[in-house]
$ cat final_22.cif   # mmCIF, C-alpha atoms
data_my_file
loop_
_atom_site.label_atom_id
_atom_site.label_comp_id
_atom_site.auth_asym_id
_atom_site.auth_seq_id
_atom_site.Cartn_x
_atom_site.Cartn_y
_atom_site.Cartn_z
CA MET A 1 96.77 95.14 78.16
CA LEU A 2 98.87 92.56 76.39
CA ASP A 3 102.32 93.35 75.02
CA ILE A 4 102.00 93.95 71.26
CA ARG A 5 105.41 92.33 70.77
CA LEU A 6 104.13 89.13 72.39
CA ILE A 7 101.13 89.09 70.04
CA ARG A 8 103.29 89.89 67.02
CA GLU A 9 105.93 87.25 67.76
CA ASN A 10 103.68 84.48 69.16
CA PRO A 11 100.18 84.95 67.71
CA ASP A 12 99.26 81.25 67.80
CA GLU A 13 100.28 80.88 71.45
CA VAL A 14 98.30 83.99 72.39
CA LYS A 15 95.22 82.69 70.56
CA SER A 16 95.55 79.29 72.22
CA ARG A 17 95.85 80.69 75.73
CA LEU A 18 92.96 83.08 75.17
CA ALA A 19 90.84 80.21 73.81
CA SER A 20 91.28 78.43 77.14
CA ARG A 21 89.04 81.15 78.62
CA GLY A 22 86.16 79.67 76.65
CA GLY A 23 85.77 82.18 73.82
CA ASP A 24 87.18 82.67 70.34
CA PHE A 25 89.47 85.70 70.40
CA SER A 26 91.22 84.91 67.08
CA ALA A 27 89.41 87.67 65.19
CA ARG A 28 90.43 90.27 67.79
CA VAL A 29 94.05 89.13 67.71
CA ASP A 30 94.06 89.20 63.89
CA ALA A 31 92.54 92.70 63.91
CA VAL A 32 95.33 93.89 66.23
CA LEU A 33 97.98 92.32 63.99
CA THR A 34 96.47 93.89 60.85
CA CYS A 35 96.35 97.29 62.50
CA ASP A 36 99.89 96.86 63.81
CA ARG A 37 101.16 95.96 60.33
CA HIS A 38 99.51 99.03 58.77
CA ARG A 39 100.87 101.25 61.54
CA ARG A 40 104.43 100.03 61.10
CA GLU A 41 104.23 100.27 57.29
CA THR A 42 102.94 103.84 57.57
CA GLU A 43 105.67 104.77 60.05
CA THR A 44 108.29 103.24 57.73
CA GLN A 45 107.00 105.31 54.83
CA LEU A 46 107.09 108.43 56.99
CA GLN A 47 110.66 107.71 58.08
CA GLN A 48 111.68 107.15 54.44
CA LEU A 49 110.14 110.46 53.39
CA GLN A 50 111.95 112.24 56.23
CA ALA A 51 115.24 110.68 55.11
CA ASP A 52 114.56 111.61 51.48
CA ARG A 53 113.75 115.20 52.39
CA LYS A 54 116.94 115.47 54.41
CA ARG A 55 118.99 114.03 51.53
CA LEU A 56 117.39 116.28 48.89
CA SER A 57 117.72 119.33 51.11
CA ALA A 58 121.45 118.61 51.26
CA GLU A 59 121.55 118.32 47.44
CA ILE A 60 119.75 121.64 47.10
CA GLY A 61 122.29 123.28 49.38
CA ALA A 62 125.18 121.82 47.37
CA LEU A 63 123.70 123.02 44.04
CA ARG A 64 123.11 126.49 45.36
CA ALA A 65 126.67 126.63 46.68
CA LYS A 66 127.88 125.95 43.16
CA GLY A 67 125.48 128.48 41.63
CA LEU A 68 123.50 125.74 39.84
CA ASP A 69 119.75 125.46 39.31
CA SER A 70 117.98 123.55 42.11
CA SER A 71 114.37 124.41 41.20
CA ALA A 72 113.44 120.87 40.06
CA ILE A 73 114.56 119.33 43.32
CA GLU A 74 112.94 122.14 45.30
CA ALA A 75 109.62 121.43 43.56
CA GLU A 76 109.94 117.76 44.48
CA VAL A 77 110.67 118.54 48.14
CA LYS A 78 107.81 121.05 48.30
CA GLY A 79 105.23 118.26 48.12
CA PHE A 80 106.84 116.28 50.92
CA GLY A 81 105.17 118.29 53.69
CA ASP A 82 101.60 117.38 52.77
CA ARG A 83 102.50 113.72 52.25
CA MET A 84 104.32 113.59 55.60
CA ASP A 85 101.37 115.22 57.40
CA ALA A 86 99.00 112.66 55.88
CA LEU A 87 101.24 109.77 56.88
CA HIS A 88 101.62 111.16 60.40
CA ARG A 89 97.82 111.39 60.78
CA ALA A 90 97.40 107.86 59.42
CA ALA A 91 100.05 106.47 61.79
CA THR A 92 98.38 108.21 64.74
CA ASP A 93 94.98 106.81 63.73
CA TYR A 94 96.39 103.28 63.46
CA ASP A 95 98.13 103.65 66.83
CA GLU A 96 94.89 104.78 68.53
CA LYS A 97 92.90 101.99 66.87
CA GLN A 98 95.50 99.42 67.94
CA HIS A 99 95.35 100.71 71.52
CA ASP A 100 91.53 100.47 71.55
CA LEU A 101 91.66 96.92 70.18
CA LEU A 102 94.19 95.85 72.81
CA LEU A 103 91.95 97.22 75.58
CA CYS A 104 89.27 94.71 74.54
CA ILE A 105 91.48 91.61 74.72
CA PRO A 106 91.58 89.88 78.15
CA ASN A 107 94.71 88.82 79.98
CA LEU A 108 96.40 85.50 79.29
CA PRO A 109 95.83 82.86 81.99
CA ALA A 110 99.02 81.90 83.82
CA ALA A 111 100.55 78.64 82.65
CA ASP A 112 99.67 76.81 85.89
CA VAL A 113 95.98 77.83 85.99
CA PRO A 114 93.75 74.73 85.75
CA HIS A 115 91.83 74.43 82.49
CA GLY A 116 88.05 74.40 82.74
CA ALA A 117 84.91 75.72 81.10
CA GLY A 118 83.40 77.51 84.09
CA SER A 119 82.86 77.79 87.82
CA GLY A 120 81.78 74.16 88.12
CA GLU A 121 85.35 73.12 87.36
CA ASN A 122 87.11 75.30 89.93
CA PRO A 123 89.18 73.04 92.22
CA ILE A 124 88.88 73.42 96.00
CA LEU A 125 92.40 73.95 97.35
CA ARG A 126 91.77 73.91 101.10
CA GLU A 127 89.26 74.45 103.88
CA TRP A 128 89.71 76.03 107.30
CA GLY A 129 87.68 75.28 110.42
CA GLY A 130 84.36 73.49 110.46
CA LYS A 131 80.75 74.41 109.89
CA PRO A 132 79.28 75.66 113.18
CA ALA A 133 76.95 73.29 115.01
CA LEU A 134 74.01 75.59 115.75
CA GLU A 135 70.92 74.80 117.81
CA ARG A 136 69.08 77.55 115.98
CA VAL A 137 69.51 78.51 112.30
CA GLU A 138 68.06 81.66 110.79
CA ASP A 139 68.52 83.58 107.58
CA HIS A 140 70.35 86.90 108.07
CA VAL A 141 67.32 88.82 106.83
CA ALA A 142 65.14 87.35 109.57
CA ILE A 143 67.86 88.00 112.16
CA GLY A 144 68.33 91.57 110.97
CA GLU A 145 64.62 92.34 111.01
CA ARG A 146 64.15 90.83 114.46
CA LEU A 147 67.12 92.69 115.99
CA ARG A 148 66.63 95.83 113.86
CA LEU A 149 70.11 95.65 112.40
CA PHE A 150 69.19 97.02 108.98
CA ASP A 151 66.26 98.33 106.99
CA PHE A 152 65.77 97.48 103.32
CA GLY A 153 62.34 99.09 102.96
CA ARG A 154 63.39 102.57 104.00
CA ALA A 155 66.62 102.29 101.99
CA ALA A 156 64.48 101.49 98.92
CA LYS A 157 62.46 104.67 99.54
CA ILE A 158 65.71 106.62 99.33
CA SER A 159 67.62 104.82 96.58
CA GLY A 160 65.58 101.92 95.19
CA SER A 161 66.19 98.18 95.41
CA GLY A 162 69.69 96.83 95.96
CA PHE A 163 70.50 99.23 98.82
CA VAL A 164 70.38 98.89 102.62
CA CYS A 165 70.40 101.19 105.63
CA PHE A 166 72.20 99.70 108.64
CA THR A 167 70.67 100.86 111.92
CA GLY A 168 71.50 100.78 115.61
CA ALA A 169 73.67 97.82 116.59
CA GLY A 170 73.73 96.80 112.94
CA ALA A 171 75.41 100.05 111.91
CA ARG A 172 77.82 99.77 114.83
CA LEU A 173 78.75 96.23 113.76
CA GLU A 174 79.45 97.40 110.20
CA ARG A 175 81.72 100.16 111.54
CA ALA A 176 83.40 97.71 113.94
CA LEU A 177 84.19 95.30 111.09
CA ILE A 178 85.76 98.05 108.97
CA SER A 179 87.99 99.21 111.86
CA PHE A 180 88.93 95.63 112.79
CA LEU A 181 89.94 94.75 109.22
CA LEU A 182 91.97 97.93 108.69
CA ASP A 183 93.78 97.49 112.01
CA LEU A 184 94.50 93.82 111.27
CA HIS A 185 95.96 94.44 107.82
CA THR A 186 97.93 97.58 108.71
CA GLY A 187 99.18 95.98 111.94
CA ALA A 188 99.84 92.25 111.78
CA ASN A 189 99.91 92.08 107.98
CA GLY A 190 102.03 95.17 107.31
CA TYR A 191 99.93 97.13 104.80
CA VAL A 192 99.95 100.92 104.53
CA GLU A 193 96.50 102.40 105.03
CA ALA A 194 95.13 104.60 102.26
CA SER A 195 91.91 106.59 102.22
CA PRO A 196 91.38 107.43 98.53
CA PRO A 197 88.71 109.52 96.78
CA PHE A 198 85.51 107.64 95.98
CA LEU A 199 85.18 109.29 92.55
CA VAL A 200 87.69 108.20 89.90
CA ARG A 201 88.52 109.49 86.43
CA ARG A 202 87.77 107.54 83.28
CA ASP A 203 91.48 106.90 82.63
CA CYS A 204 91.73 105.23 86.04
CA MET A 205 88.87 102.85 85.24
CA ILE A 206 90.58 101.98 81.97
CA GLY A 207 93.86 101.48 83.83
CA THR A 208 92.53 98.72 86.08
CA GLY A 209 90.38 97.16 83.34
CA GLN A 210 86.81 98.09 84.34
CA LEU A 211 86.50 100.06 81.10
CA PRO A 212 85.64 99.74 78.34
CA LYS A 213 84.26 96.20 78.82
CA PHE A 214 82.20 96.69 82.01
CA GLU A 215 80.96 100.26 81.61
CA GLU A 216 77.29 99.25 81.85
CA ASP A 217 77.96 97.90 85.36
CA MET A 218 79.46 101.19 86.58
CA TYR A 219 77.91 104.38 87.92
CA GLY A 220 79.18 107.22 85.74
CA VAL A 221 78.77 110.96 86.29
CA ASP A 222 79.79 114.07 84.31
CA GLY A 223 79.07 112.38 81.02
CA GLY A 224 81.18 109.35 81.82
CA GLU A 225 84.31 111.29 82.75
CA LEU A 226 84.01 110.37 86.45
CA PHE A 227 82.79 107.15 88.08
CA LEU A 228 81.81 106.07 91.57
CA ALA A 229 84.53 103.63 92.64
CA PRO A 230 83.42 100.00 92.09
CA THR A 231 86.21 98.90 94.46
CA ALA A 232 89.22 100.48 96.16
CA GLU A 233 91.37 98.57 93.66
CA VAL A 234 90.72 101.38 91.16
CA PRO A 235 91.81 104.50 93.08
CA VAL A 236 94.56 102.77 95.08
CA THR A 237 96.30 101.03 92.15
CA ASN A 238 96.05 104.24 90.12
CA LEU A 239 97.81 106.22 92.85
CA LEU A 240 101.01 105.19 91.09
CA ARG A 241 99.93 105.50 87.45
CA ASP A 242 102.53 107.10 85.14
CA GLU A 243 105.21 106.68 87.84
CA LEU A 244 108.61 105.03 87.92
CA VAL A 245 108.77 103.27 91.29
CA PRO A 246 112.21 102.70 92.88
CA LEU A 247 113.05 99.00 93.07
CA ALA A 248 113.93 99.34 96.75
CA GLU A 249 110.32 100.32 97.55
CA LEU A 250 108.80 97.16 96.06
CA PRO A 251 106.62 95.44 96.99
CA LEU A 252 104.22 98.20 97.96
CA LYS A 253 101.25 97.07 100.09
CA PHE A 254 98.11 99.15 100.61
CA ALA A 255 94.91 98.54 102.56
CA ALA A 256 91.94 100.82 101.95
CA TYR A 257 88.31 101.04 102.92
CA THR A 258 85.77 102.33 100.41
CA PRO A 259 82.09 101.92 99.74
CA CYS A 260 81.72 100.14 96.40
CA PHE A 261 79.14 101.03 93.76
CA ARG A 262 78.04 98.62 91.02
CA ARG A 263 74.99 98.50 88.82
CA GLU A 264 75.41 94.72 88.44
CA ALA A 265 73.50 94.96 85.14
CA GLY A 266 71.91 91.63 84.32
CA SER A 267 73.26 89.89 87.44
CA ALA A 268 71.10 87.06 88.64
CA GLY A 269 69.77 87.44 92.16
CA LEU A 270 69.99 91.23 92.41
CA GLY A 271 66.80 92.58 93.94
CA THR A 272 66.16 89.49 96.05
CA ARG A 273 65.96 89.87 99.82
CA GLY A 274 69.20 90.23 101.70
CA LEU A 275 72.74 91.50 101.62
CA ILE A 276 74.18 88.93 99.21
CA ARG A 277 74.29 91.19 96.15
CA MET A 278 73.98 94.95 96.48
CA HIS A 279 74.43 98.09 94.39
CA GLN A 280 76.40 99.63 97.28
CA PHE A 281 78.48 97.75 99.83
CA ASP A 282 81.53 98.34 102.02
CA LYS A 283 84.87 96.66 101.45
CA VAL A 284 88.43 96.71 102.75
CA GLU A 285 90.71 96.10 99.78
CA LEU A 286 94.32 94.93 99.68
CA VAL A 287 96.53 96.12 96.80
CA LYS A 288 100.11 95.15 96.01
CA ILE A 289 102.61 96.50 93.50
CA ALA A 290 105.44 94.01 92.90
CA THR A 291 108.16 92.94 90.48
CA PRO A 292 107.54 90.19 87.90
CA GLU A 293 109.95 87.93 89.78
CA THR A 294 108.04 88.15 93.08
CA SER A 295 104.38 88.55 92.09
CA ALA A 296 103.55 84.82 92.25
CA THR A 297 104.81 84.67 95.84
CA GLU A 298 103.03 87.92 96.68
CA LEU A 299 99.72 86.43 95.48
CA GLU A 300 100.11 83.56 97.93
CA SER A 301 100.86 85.92 100.82
CA LEU A 302 98.03 88.29 99.88
CA THR A 303 95.59 85.36 99.88
CA ALA A 304 96.95 84.24 103.26
CA ASP A 305 96.39 87.76 104.61
CA ALA A 306 92.75 87.74 103.49
CA GLU A 307 92.31 84.27 105.02
CA HIS A 308 93.86 85.53 108.25
CA ALA A 309 90.90 87.86 108.79
CA LEU A 310 88.44 84.96 108.66
CA GLN A 311 90.64 82.81 110.87
CA VAL A 312 90.82 85.50 113.55
CA LEU A 313 87.02 85.75 113.44
CA GLY A 314 86.71 81.95 113.67
CA LEU A 315 84.64 81.61 110.48
CA HIS A 316 84.67 78.44 108.40
CA TYR A 317 85.77 79.02 104.80
CA ARG A 318 87.29 77.37 101.76
CA VAL A 319 89.70 78.54 99.05
CA ILE A 320 89.13 77.68 95.40
CA GLU A 321 91.28 78.41 92.36
CA LEU A 322 89.50 79.81 89.35
CA CYS A 323 89.92 77.74 86.21
CA THR A 324 90.65 79.36 82.84
CA GLY A 325 86.98 79.59 81.92
CA ASP A 326 86.06 81.46 85.11
CA LEU A 327 88.94 83.96 85.32
CA GLY A 328 88.17 87.66 85.48
CA PHE A 329 88.89 89.76 82.39
CA GLY A 330 92.19 91.22 83.59
CA SER A 331 93.44 88.42 85.83
CA GLN A 332 96.06 85.83 85.01
CA LYS A 333 95.54 83.85 88.25
CA THR A 334 92.85 84.10 90.95
CA TYR A 335 91.96 82.48 94.28
CA ASP A 336 88.44 82.95 95.64
CA ILE A 337 87.80 82.73 99.38
CA GLU A 338 84.29 81.59 100.27
CA VAL A 339 82.89 81.79 103.80
CA TRP A 340 80.18 79.43 105.06
CA SER A 341 76.72 80.94 105.56
CA PRO A 342 74.53 78.74 107.82
CA GLY A 343 71.35 80.61 106.93
CA GLN A 344 71.97 80.22 103.21
CA GLN A 345 73.43 76.73 103.58
CA ALA A 346 75.99 77.84 101.02
CA TYR A 347 79.45 79.30 100.64
CA LEU A 348 79.62 83.03 99.87
CA GLU A 349 82.57 84.66 98.10
CA VAL A 350 84.09 87.31 100.37
CA SER A 351 87.43 87.77 98.62
CA SER A 352 88.86 87.33 95.15
CA CYS A 353 92.67 87.52 95.21
CA SER A 354 94.25 88.07 91.80
CA ASN A 355 97.60 88.54 90.12
CA PHE A 356 97.22 90.70 87.01
CA GLY A 357 100.84 90.42 85.88
CA ASP A 358 101.78 93.54 83.91
CA TYR A 359 98.31 93.77 82.32
CA GLN A 360 97.09 96.72 84.42
CA ALA A 361 100.53 98.32 84.66
CA ARG A 362 100.75 98.60 80.86
CA ARG A 363 97.37 100.32 80.77
CA MET A 364 98.44 102.86 83.41
CA ASN A 365 102.16 103.08 82.51
CA LEU A 366 103.30 101.94 85.96
CA ARG A 367 106.97 100.94 85.88
CA PHE A 368 110.04 100.33 88.01
CA LYS A 369 113.77 100.50 87.27
CA ASP A 370 115.39 97.10 87.78
CA ALA A 371 118.88 96.38 89.13
CA ALA A 372 120.32 96.64 85.61
CA GLY A 373 118.83 100.12 85.17
CA LYS A 374 116.13 98.99 82.73
CA ASN A 375 112.61 100.38 83.00
CA ARG A 376 110.08 97.52 83.28
CA PHE A 377 106.38 97.24 83.97
CA CYS A 378 105.34 96.36 87.51
CA HIS A 379 103.00 93.52 88.39
CA THR A 380 99.80 94.46 90.22
CA LEU A 381 97.74 92.34 92.63
CA ASN A 382 94.64 92.87 94.70
CA GLY A 383 92.10 91.07 96.84
CA SER A 384 89.32 91.91 99.25
CA GLY A 385 90.37 91.82 102.83
CA THR A 386 87.34 91.38 102.92
CA ALA A 387 84.01 92.46 101.41
CA LEU A 388 81.75 93.46 104.28
CA ALA A 389 78.22 92.54 103.24
CA ARG A 390 78.77 88.79 102.89
CA LEU A 391 81.15 88.70 105.85
CA TYR A 392 78.38 90.41 107.85
CA VAL A 393 75.92 87.72 106.71
CA ALA A 394 78.22 84.84 107.73
CA LEU A 395 79.08 86.52 111.03
CA ILE A 396 75.57 87.07 112.33
CA GLU A 397 74.29 83.71 111.05
CA SER A 398 77.25 81.80 112.54
CA GLY A 399 76.99 83.61 115.87
CA LEU A 400 73.28 83.00 116.39
CA GLN A 401 72.51 81.72 119.90
CA PRO A 402 69.52 79.62 121.08
CA ASP A 403 67.97 82.69 122.73
CA GLY A 404 68.09 84.62 119.42
CA SER A 405 71.01 86.85 120.36
CA ILE A 406 74.27 87.00 118.37
CA ARG A 407 77.54 86.06 120.01
CA LEU A 408 80.38 88.08 118.46
CA PRO A 409 83.96 86.80 118.05
CA GLU A 410 86.29 88.02 120.79
CA PRO A 411 88.45 90.23 118.49
CA LEU A 412 85.38 92.36 117.71
CA HIS A 413 84.40 93.02 121.33
CA ARG A 414 86.52 96.14 121.79
CA TYR A 415 85.43 97.55 118.42
CA PHE A 416 81.74 96.87 118.96
CA GLY A 417 81.71 97.62 122.69
CA SER A 418 80.05 94.36 123.70
CA ASP A 419 80.35 90.63 123.23
CA ARG A 420 76.89 90.15 121.76
CA ILE A 421 73.88 91.70 120.03
CA ALA A 422 70.62 91.03 121.84
#

$ encode --input "final_22.cif" --output "C-alpha cells"
Amino acid sequence: MLDIRLIRENPDEVKSRLASRGGDFSARVDAVLTCDRHRRETETQLQQLQADRKRLSAEIGALRAKGLDSSAIEAEVKGFGDRMDALHRAATDYDEKQHDLLLCIPNLPAADVPHGAGSGENPILREWGGKPALERVEDHVAIGERLRLFDFGRAAKISGSGFVCFTGAGARLERALISFLLDLHTGANGYVEASPPFLVRRDCMIGTGQLPKFEEDMYGVDGGELFLAPTAEVPVTNLLRDELVPLAELPLKFAAYTPCFRREAGSAGLGTRGLIRMHQFDKVELVKIATPETSATELESLTADAEHALQVLGLHYRVIELCTGDLGFGSQKTYDIEVWSPGQQAYLEVSSCSNFGDYQARRMNLRFKDAAGKNRFCHTLNGSGTALARLYVALIESGLQPDGSIRLPEPLHRYFGSDRIA
C-alpha cells in the first residue's frame, strides 16, 4: 500500500500519478485524507484527555496530602474513563477504515514508466532471435491431439472447461520443462529453490495485492480464509512477512514451482480450445527481496534471467514495457516477455517481471535494518521464469518438423530422455 505520509504531504502529486493509470482516483485519495484527519484529531483528543487525567490526579494527591477536599476534581476525573474508551474505539475504527481504503488504491507508476492509455501503447524494447522458418505449421491443439500430448475432453469430465490433462510424452515434456527451469535458475542464475504450500492464508493474499481487488478471480476455501495459490509469488514473498531481514542477506532470490489456480472471471478467450488461458497451469516463479537503492537494477537482472530461459531454448521473443495505463494494480514498473507462437501467428506473454517498490512490503510488514540502523521497508520483485502453458505452446509449435514430429531443443534432451516427440 502507499505511504500515508506521502499522500498527506503530496496529495496532488499522488492524484496526478494515479491518474496516469487511466482512472480517477481522486475520490479515494480524498477519502483516505478525510479518514486520516479524523483519526489524528481523535488521537489528539485522547492524548489530551490522558494528560488532563494525569494532571488532575496529581492535584487530587496534593489536596489530599494537605487534608483538603478533592471531591469536585475526583468527580471530574471519574467521567474521563468512559470518554477515553469512546475515543479509543473511534480512533481504532478510523485506523481500520484508513487501512481498508489504502488497500484499494493502486501503486504509483515509477517516474520513468512511459505514459499511455493501454496495451496498444506499450513500447517494444528489444527482440531476440528470429521467427522460425517452418515447412509445416500447425496449431498446438492439432499437434497435441495427433501426438496424444494432452486431453481436454477428459479433463473437462473431471473439472470442467479451462483444465487440461497432459498424457504420455506430453506429461513428460511438462515435467521436463519444470525441472529444466528450476535447474537453470538455481544453477546459472543463482536463485534459492523453494517449494511452498499451495494453499495460502487470506492475509498473504492481501500482502501481495491479490485481495481485496481480485477476489472474484481467486479460488477460496474455508469461507475465504484460505486460497489456492494463483502464483508462487504469493507464498514465496510472504515467507518473510512480519520479518526484519538483515541487510547483509539482501538481495534474496527465490525460484519456486507451483501449479497456479485462477478463475479468470470475465476474461476474454477462456473456454476456447487450447492452452493459452487456463484455470490451472504450471509456473516457475522468480521472487526477489531487495533494498530501495538496488531494486531498479534487480528488475533488469530478473528480466534478463527470465529471458535467459528462452534464449537457452532458442525461442524467438520480444520484451515490451508496460505503459502507465496497462500496469498491474500493485506494480510500479513492469516488463512483459512475449514468445512467438507459429501456430497462433502471435506473441504470447510468458513472463511479467515487476518491481513493486515497497507497496507489498508495507502490506506484509517486511523490513530490513539499513547501515544507519534504521528500519525500512524492503522492495519486492517477481517475474515468471516462466509460465509453462504458453511456453509449451511455443515450444511444440516452433519445433514442428515436416514429418509431424517435434524436435526438442538440446538442453531438454536429458530431461525428456529423447531429442524429439514422434

$ resolve_selection --input "final_22.cif" --expression "the PyMOL selection byres ((chain A and resi 409) around 9)" --output "PDB file with C-alpha atoms, in the coordinates of the input"
ATOM      1  CA  VAL A 312      90.820  85.500 113.550  1.00  0.00           C
ATOM      2  CA  LEU A 313      87.020  85.750 113.440  1.00  0.00           C
ATOM      3  CA  GLY A 314      86.710  81.950 113.670  1.00  0.00           C
ATOM      4  CA  LEU A 395      79.080  86.520 111.030  1.00  0.00           C
ATOM      5  CA  GLY A 399      76.990  83.610 115.870  1.00  0.00           C
ATOM      6  CA  ARG A 407      77.540  86.060 120.010  1.00  0.00           C
ATOM      7  CA  LEU A 408      80.380  88.080 118.460  1.00  0.00           C
ATOM      8  CA  GLU A 410      86.290  88.020 120.790  1.00  0.00           C
ATOM      9  CA  PRO A 411      88.450  90.230 118.490  1.00  0.00           C
ATOM     10  CA  LEU A 412      85.380  92.360 117.710  1.00  0.00           C
ATOM     11  CA  HIS A 413      84.400  93.020 121.330  1.00  0.00           C
ATOM     12  CA  ASP A 419      80.350  90.630 123.230  1.00  0.00           C
ATOM     13  CA  ARG A 420      76.890  90.150 121.760  1.00  0.00           C
TER      14      ARG A 420
END

$ resolve_selection --input "final_22.cif" --expression "the PyMOL selection byres ((chain A and resi 349) around 8)" --output "list in words"
Asp336, Ile337, Glu338, Val339, Tyr347, Leu348, Val350, Ser351, Ser352 and Arg390 of chain A

$ closest_residue --input "final_22.cif" --among "A:Tyr191, A:Tyr335, A:Phe80, A:Phe368" --to "Pro246 in chain A" --atoms "all atoms listed in the file"
A:Phe368

$ closest_residue --input "final_22.cif" --among "A:Ser405, A:Ser418, A:Thr291, A:Thr297" --to "Lys369 in chain A" --atoms "only C-alpha atoms"
A:Thr291

$ closest_residue --input "final_22.cif" --among "A:Asp139, A:Asp282, A:Glu174, A:Glu321" --to "Gln344 in chain A" --atoms "only C-alpha atoms"
A:Asp139

$ atom_distance --input "final_22.cif" --atom1 "CA of Ala31 in chain A" --atom2 "CA of Lys15 in chain A"
12.3 Å

$ residues_around --input "final_22.cif" --residues "Tyr94 in chain A" --least-positions-apart "6" --cutoff "8 Å" --atoms "only C-alpha atoms" --output "PDB file with C-alpha atoms, in the frame of the given file"
ATOM      1  CA  CYS A  35      96.350  97.290  62.500  1.00  0.00           C
ATOM      2  CA  ASP A  36      99.890  96.860  63.810  1.00  0.00           C
ATOM      3  CA  HIS A  38      99.510  99.030  58.770  1.00  0.00           C
ATOM      4  CA  ARG A  39     100.870 101.250  61.540  1.00  0.00           C
TER       5      ARG A  39
END

$ closest_residue --input "final_22.cif" --among "A:Gly343, A:Gly325, A:Gly162, A:Gly417" --to "His279 in chain A" --atoms "all atoms listed in the file"
A:Gly162

$ resolve_selection --input "final_22.cif" --expression "the PyMOL selection byres ((chain A and resi 324) around 9)" --output "CSV table (one decimal) with C-alpha atoms, in the coordinates of the input"
chain,number,residue,atom,x,y,z
A,17,ARG,CA,95.8,80.7,75.7
A,18,LEU,CA,93.0,83.1,75.2
A,20,SER,CA,91.3,78.4,77.1
A,21,ARG,CA,89.0,81.2,78.6
A,22,GLY,CA,86.2,79.7,76.6
A,109,PRO,CA,95.8,82.9,82.0
A,110,ALA,CA,99.0,81.9,83.8
A,113,VAL,CA,96.0,77.8,86.0
A,114,PRO,CA,93.8,74.7,85.8
A,115,HIS,CA,91.8,74.4,82.5
A,116,GLY,CA,88.0,74.4,82.7
A,117,ALA,CA,84.9,75.7,81.1
A,118,GLY,CA,83.4,77.5,84.1
A,122,ASN,CA,87.1,75.3,89.9
A,322,LEU,CA,89.5,79.8,89.4
A,323,CYS,CA,89.9,77.7,86.2
A,325,GLY,CA,87.0,79.6,81.9
A,326,ASP,CA,86.1,81.5,85.1
A,327,LEU,CA,88.9,84.0,85.3
A,332,GLN,CA,96.1,85.8,85.0
A,333,LYS,CA,95.5,83.8,88.2

$ atom_distance --input "final_22.cif" --atom1 "CA of Pro123 in chain A" --atom2 "CA of Ser16 in chain A"
21.9 Å

$ closest_residue --input "final_22.cif" --among "A:Gln360, A:Ser295, A:Ser179, A:Ser398" --to "Leu315 in chain A" --atoms "only C-alpha atoms"
A:Ser398

$ residues_near_point --input "final_22.cif" --point "(103.1, 114.2, 55.8)" --cutoff "12 Å" --atoms "only C-alpha atoms" --output "count of residues only"
25

$ build_atoms --input "final_22.cif" --residues "range 195-208 of chain A" --atoms "N, CA and C atoms" --output "PDB file, in the frame of the given file"
ATOM      1  N   SER A 195      93.309 106.174 102.229  1.00  0.00           N
ATOM      2  CA  SER A 195      91.910 106.590 102.220  1.00  0.00           C
ATOM      3  C   SER A 195      91.703 107.411 100.947  1.00  0.00           C
ATOM      4  N   PRO A 196      91.396 106.754  99.830  1.00  0.00           N
ATOM      5  CA  PRO A 196      91.380 107.430  98.530  1.00  0.00           C
ATOM      6  C   PRO A 196      90.043 108.121  98.257  1.00  0.00           C
ATOM      7  N   PRO A 197      89.998 108.967  97.223  1.00  0.00           N
ATOM      8  CA  PRO A 197      88.710 109.520  96.780  1.00  0.00           C
ATOM      9  C   PRO A 197      87.788 108.399  96.307  1.00  0.00           C
ATOM     10  N   PHE A 198      86.493 108.639  96.418  1.00  0.00           N
ATOM     11  CA  PHE A 198      85.510 107.640  95.980  1.00  0.00           C
ATOM     12  C   PHE A 198      85.073 107.868  94.541  1.00  0.00           C
ATOM     13  N   LEU A 199      85.419 109.015  93.965  1.00  0.00           N
ATOM     14  CA  LEU A 199      85.180 109.290  92.550  1.00  0.00           C
ATOM     15  C   LEU A 199      86.494 109.149  91.794  1.00  0.00           C
ATOM     16  N   VAL A 200      86.462 108.450  90.659  1.00  0.00           N
ATOM     17  CA  VAL A 200      87.690 108.200  89.900  1.00  0.00           C
ATOM     18  C   VAL A 200      87.488 108.612  88.446  1.00  0.00           C
ATOM     19  N   ARG A 201      88.570 109.047  87.827  1.00  0.00           N
ATOM     20  CA  ARG A 201      88.520 109.490  86.430  1.00  0.00           C
ATOM     21  C   ARG A 201      88.416 108.295  85.495  1.00  0.00           C
ATOM     22  N   ARG A 202      87.953 108.579  84.296  1.00  0.00           N
ATOM     23  CA  ARG A 202      87.770 107.540  83.280  1.00  0.00           C
ATOM     24  C   ARG A 202      89.076 106.798  83.004  1.00  0.00           C
ATOM     25  N   ASP A 203      90.183 107.532  82.904  1.00  0.00           N
ATOM     26  CA  ASP A 203      91.480 106.900  82.630  1.00  0.00           C
ATOM     27  C   ASP A 203      91.845 105.892  83.709  1.00  0.00           C
ATOM     28  N   CYS A 204      91.433 106.160  84.950  1.00  0.00           N
ATOM     29  CA  CYS A 204      91.730 105.230  86.040  1.00  0.00           C
ATOM     30  C   CYS A 204      90.938 103.939  85.886  1.00  0.00           C
ATOM     31  N   MET A 205      89.695 104.041  85.461  1.00  0.00           N
ATOM     32  CA  MET A 205      88.870 102.850  85.240  1.00  0.00           C
ATOM     33  C   MET A 205      89.411 102.020  84.080  1.00  0.00           C
ATOM     34  N   ILE A 206      89.937 102.693  83.071  1.00  0.00           N
ATOM     35  CA  ILE A 206      90.580 101.980  81.970  1.00  0.00           C
ATOM     36  C   ILE A 206      91.849 101.302  82.466  1.00  0.00           C
ATOM     37  N   GLY A 207      92.583 101.993  83.335  1.00  0.00           N
ATOM     38  CA  GLY A 207      93.860 101.480  83.830  1.00  0.00           C
ATOM     39  C   GLY A 207      93.733 100.146  84.536  1.00  0.00           C
ATOM     40  N   THR A 208      92.691  99.974  85.346  1.00  0.00           N
ATOM     41  CA  THR A 208      92.530  98.720  86.080  1.00  0.00           C
ATOM     42  C   THR A 208      91.600  97.735  85.374  1.00  0.00           C
TER      43      THR A 208
END
